[in-house]
Amino acid sequence: MAERRRQILVVDDDEGMRELLVRYLSDNGYDVSGVGDGLSMKRHLVAHQVDLILLDVMLPGEDGLSLARGLGGNGPPIIMLSARGEEVDRIVGLEVGADDYLPKPFSHRELLARVTAVLRRRQPAAECGRIRRFGPFEVDLDAHSLTRNGEEVDLSGAEFALLKVLLDHPDRVLGRDALVELLKGYERAPFDRMVDVRVTRLRRKIEPDPSHPVYLRTVWGEGYLFSPGGAGRK
């Protein structure tokens with residue numbers, strides 16, 4: 001049986017840019033649709049399966065940041081597209097739930113690499129029945145789910161990818177460079193804080209008190225240390 005082609009939705013009010021992205025990604029093996037505003041995006045998501053959204057920040061009506069926030073990590077992974085490439089805009093995009101952020105103008109090859117990386121992180125693993133536990137949490141690596149005392153904890157794709165890397169490297173200090181390499185989806189940029197943003201978001205989901213973390217701790221000057229046993233708990 002042939003493998004199902006991944007479904008991508010391009011949301012951009014620039015018709016020329018939208019058609020260019022649809023054509024380029026279609027030529028590279030994806031099924032791609034395009035819409036020009038948030039309302040059309042919502043209607044498309046109701047009627048069609050979507051594996052990834054390319055979402056422009058500046059849209060008529062509801063903007064891309066608001067749309068990403070509204071999905072709340074429950075929808076497909078999102079790559080934000082924006083002509084505004086300042087670090088603060090990128091951080092805001094990631095904080096509202098985007099999996100990656102790509103400033104315009106960008107090369108088509110870079111876009112394709114980002115799309116491939118984000119989809120790879122969301123792809124279910126080939127092994128079955130892999131369960132990890134720490135504290136009151138249970139992680140199902142195949143279902144990409146996290147539960148606390150049996151209740152599901154909502155994680156975005158980027159948050160789950162970070163958690164999986166940490167579970168694979170317990171009680172070991174990982175610097176930002178190491179995490180970027182292990183996450184396999186982001187290109188380094190000076191003063192890039194994407195890893196820090198993801199750590200902050202994940203702490204909000206797993207720590208009893210995010211301001212005093214016991215599972216995902218900062219080792220000043222070195223990086224982050226994940227302690228499944230909750231080392232450092234008072």
# chains A, B, ... in the order shown; residues from 1 in each chain; ligands from 1
>>> select_by_dssp(residues="stretch 18-119 of chain A", states="strand (DSSP E or B)", output="list in words")
Asp31, Val32, Ser33, Gly34, Val35, Leu52, Ile53, Leu54, Leu55, Asp56, Ile78, Ile79, Met80, Leu81, Ser82, Asp100, Tyr101, Leu102 and Pro103 of chain A
>>> write_last_selection(atoms="C-alpha atoms", output="CSV table (one decimal), in the first residue's frame")
chain,number,residue,atom,x,y,z
A,31,ASP,CA,-1.0,17.5,-0.9
A,32,VAL,CA,-1.4,21.2,-0.4
A,33,SER,CA,-4.4,23.5,-0.1
A,34,GLY,CA,-4.4,27.3,0.3
A,35,VAL,CA,-6.7,29.8,2.0
A,52,LEU,CA,0.7,20.8,9.1
A,53,ILE,CA,-0.3,24.5,8.8
A,54,LEU,CA,1.9,27.2,7.3
A,55,LEU,CA,0.3,30.3,9.0
A,56,ASP,CA,1.1,33.9,8.1
A,78,ILE,CA,2.1,25.1,12.9
A,79,ILE,CA,5.0,26.9,11.2
A,80,MET,CA,4.4,30.7,11.5
A,81,LEU,CA,5.4,32.8,8.5
A,82,SER,CA,6.1,36.5,9.0
A,100,ASP,CA,8.5,26.8,14.3
A,101,TYR,CA,8.8,30.3,13.0
A,102,LEU,CA,10.2,31.3,9.6
A,103,PRO,CA,10.8,35.0,8.8
>>> select_by_dssp(residues="stretch 65-231 of chain A", states="helix (DSSP H, G or I)", output="PyMOL selection string")
chain A and resi 65-71+87-95+108-122+157-168+176-183+194-206
>>> residues_around(residues="A:Arg148", least_positions_apart="2", cutoff="8 Å", atoms="only C-alpha atoms", output="CSV table (one decimal) with N, CA and C atoms, in the first residue's frame")
chain,number,residue,atom,x,y,z
A,136,PRO,N,4.2,11.7,38.9
A,136,PRO,CA,2.8,11.3,38.6
A,136,PRO,C,2.4,11.2,37.2
A,137,PHE,N,3.5,11.3,36.3
A,137,PHE,CA,3.2,11.3,34.8
A,137,PHE,C,3.5,10.0,34.2
A,138,GLU,N,2.8,9.8,33.1
A,138,GLU,CA,3.0,8.6,32.2
A,138,GLU,C,3.0,9.1,30.8
A,146,LEU,N,0.7,12.6,27.1
A,146,LEU,CA,1.2,12.7,28.5
A,146,LEU,C,0.0,12.7,29.4
A,150,GLY,N,-3.5,9.8,35.4
A,150,GLY,CA,-4.5,9.3,34.5
A,150,GLY,C,-5.3,10.4,33.7
A,151,GLU,N,-5.0,11.7,34.0
A,151,GLU,CA,-5.7,12.8,33.3
A,151,GLU,C,-4.7,13.3,32.2
A,152,GLU,N,-5.2,13.5,31.0
A,152,GLU,CA,-4.4,13.9,29.9
A,152,GLU,C,-3.9,15.3,30.1
A,153,VAL,N,-2.6,15.5,29.8
A,153,VAL,CA,-2.0,16.9,29.8
A,153,VAL,C,-1.8,17.3,28.4
>>> atom_distance(atom1="atom CA of A:Arg172", atom2="atom CA of A:Arg133")
17.1 Å
>>> residues_around(residues="A:Leu39", least_positions_apart="4", cutoff="9 Å", atoms="only C-alpha atoms", output="list of chain:residue names")
A:Arg43, A:His44, A:Gly61, A:Glu62
>>> closest_residue(among="A:Lys42, A:Arg217, A:Arg176, A:His169", to="A:Gly70", atoms="only C-alpha atoms")
A:Lys42
>>> atom_distance(atom1="atom CA of A:Val118", atom2="atom CA of A:Pro213")
27.4 Å
>>> closest_residue(among="A:Ser66, A:Leu141, A:Val92, A:Met17", to="A:Lys104", atoms="only C-alpha atoms")
A:Met17
>>> closest_residue(among="A:Arg121, A:Leu162, A:Glu95, A:Gly221", to="A:Asp142", atoms="only C-alpha atoms")
A:Arg121
>>> closest_residue(among="A:Leu9, A:Leu112, A:Leu71, A:Leu59", to="A:Ala83", atoms="only C-alpha atoms")
A:Leu59
>>> residues_around(residues="A:Asp154", least_positions_apart="4", cutoff="12 Å", atoms="only C-alpha atoms", output="ChimeraX atom specification")
/A:71-75,97,139,144-148,158-160,201-202,204-206
>>> write_last_selection(atoms="N, CA and C atoms", output="PDB file, in the first residue's frame")
ATOM      1  N   LEU A  71      -6.024  27.508  18.615  1.00  0.00           N
ATOM      2  CA  LEU A  71      -5.901  26.063  18.462  1.00  0.00           C
ATOM      3  C   LEU A  71      -5.376  25.416  19.740  1.00  0.00           C
ATOM      4  N   GLY A  72      -4.626  26.181  20.522  1.00  0.00           N
ATOM      5  CA  GLY A  72      -4.218  25.726  21.847  1.00  0.00           C
ATOM      6  C   GLY A  72      -3.428  24.441  21.874  1.00  0.00           C
ATOM      7  N   GLY A  73      -2.679  24.144  20.815  1.00  0.00           N
ATOM      8  CA  GLY A  73      -1.895  22.916  20.787  1.00  0.00           C
ATOM      9  C   GLY A  73      -2.693  21.678  20.430  1.00  0.00           C
ATOM     10  N   ASN A  74      -4.014  21.850  20.181  1.00  0.00           N
ATOM     11  CA  ASN A  74      -4.861  20.694  19.878  1.00  0.00           C
ATOM     12  C   ASN A  74      -4.964  20.399  18.390  1.00  0.00           C
ATOM     13  N   GLY A  75      -4.507  21.327  17.556  1.00  0.00           N
ATOM     14  CA  GLY A  75      -4.620  21.130  16.130  1.00  0.00           C
ATOM     15  C   GLY A  75      -3.331  20.599  15.532  1.00  0.00           C
ATOM     16  N   GLY A  97       2.005  28.681  20.747  1.00  0.00           N
ATOM     17  CA  GLY A  97       1.797  27.291  20.363  1.00  0.00           C
ATOM     18  C   GLY A  97       2.351  26.868  19.029  1.00  0.00           C
ATOM     19  N   VAL A 139       4.091   8.780  30.059  1.00  0.00           N
ATOM     20  CA  VAL A 139       4.298   9.237  28.689  1.00  0.00           C
ATOM     21  C   VAL A 139       4.167   8.045  27.752  1.00  0.00           C
ATOM     22  N   HIS A 144       1.991   9.714  21.516  1.00  0.00           N
ATOM     23  CA  HIS A 144       2.378  11.118  21.714  1.00  0.00           C
ATOM     24  C   HIS A 144       1.472  11.771  22.758  1.00  0.00           C
ATOM     25  N   SER A 145       1.328  11.092  23.907  1.00  0.00           N
ATOM     26  CA  SER A 145       0.437  11.608  24.946  1.00  0.00           C
ATOM     27  C   SER A 145       1.138  11.623  26.291  1.00  0.00           C
ATOM     28  N   LEU A 146       0.715  12.559  27.132  1.00  0.00           N
ATOM     29  CA  LEU A 146       1.206  12.686  28.501  1.00  0.00           C
ATOM     30  C   LEU A 146       0.006  12.747  29.424  1.00  0.00           C
ATOM     31  N   THR A 147       0.019  11.939  30.474  1.00  0.00           N
ATOM     32  CA  THR A 147      -1.053  11.967  31.460  1.00  0.00           C
ATOM     33  C   THR A 147      -0.468  12.180  32.847  1.00  0.00           C
ATOM     34  N   ARG A 148      -1.234  12.868  33.676  1.00  0.00           N
ATOM     35  CA  ARG A 148      -0.882  13.075  35.084  1.00  0.00           C
ATOM     36  C   ARG A 148      -1.954  12.415  35.936  1.00  0.00           C
ATOM     37  N   ALA A 158       5.885  20.508  19.638  1.00  0.00           N
ATOM     38  CA  ALA A 158       7.228  20.947  20.023  1.00  0.00           C
ATOM     39  C   ALA A 158       7.514  20.597  21.477  1.00  0.00           C
ATOM     40  N   GLU A 159       6.523  20.752  22.344  1.00  0.00           N
ATOM     41  CA  GLU A 159       6.704  20.404  23.749  1.00  0.00           C
ATOM     42  C   GLU A 159       6.935  18.912  23.921  1.00  0.00           C
ATOM     43  N   PHE A 160       6.175  18.095  23.178  1.00  0.00           N
ATOM     44  CA  PHE A 160       6.351  16.643  23.286  1.00  0.00           C
ATOM     45  C   PHE A 160       7.726  16.228  22.765  1.00  0.00           C
ATOM     46  N   ARG A 201       7.639  26.576  28.464  1.00  0.00           N
ATOM     47  CA  ARG A 201       6.290  26.049  28.211  1.00  0.00           C
ATOM     48  C   ARG A 201       6.118  24.663  28.802  1.00  0.00           C
ATOM     49  N   LEU A 202       7.152  23.808  28.673  1.00  0.00           N
ATOM     50  CA  LEU A 202       7.047  22.454  29.211  1.00  0.00           C
ATOM     51  C   LEU A 202       6.991  22.472  30.736  1.00  0.00           C
ATOM     52  N   ARG A 204       5.606  24.615  32.579  1.00  0.00           N
ATOM     53  CA  ARG A 204       4.249  24.964  33.006  1.00  0.00           C
ATOM     54  C   ARG A 204       3.339  23.747  33.046  1.00  0.00           C
ATOM     55  N   LYS A 205       3.687  22.728  32.249  1.00  0.00           N
ATOM     56  CA  LYS A 205       2.837  21.540  32.151  1.00  0.00           C
ATOM     57  C   LYS A 205       3.228  20.449  33.158  1.00  0.00           C
ATOM     58  N   ILE A 206       4.513  20.395  33.554  1.00  0.00           N
ATOM     59  CA  ILE A 206       4.953  19.244  34.348  1.00  0.00           C
ATOM     60  C   ILE A 206       5.425  19.598  35.752  1.00  0.00           C
TER      61      ILE A 206
END
>>> closest_residue(among="A:Asp12, A:Ala98, A:Leu182, A:Asn149", to="A:Gly135", atoms="only C-alpha atoms")
A:Asn149
>>> closest_residue(among="A:His212, A:Val180, A:Val96, A:Thr218", to="A:Leu65", atoms="only C-alpha atoms")
A:Val96
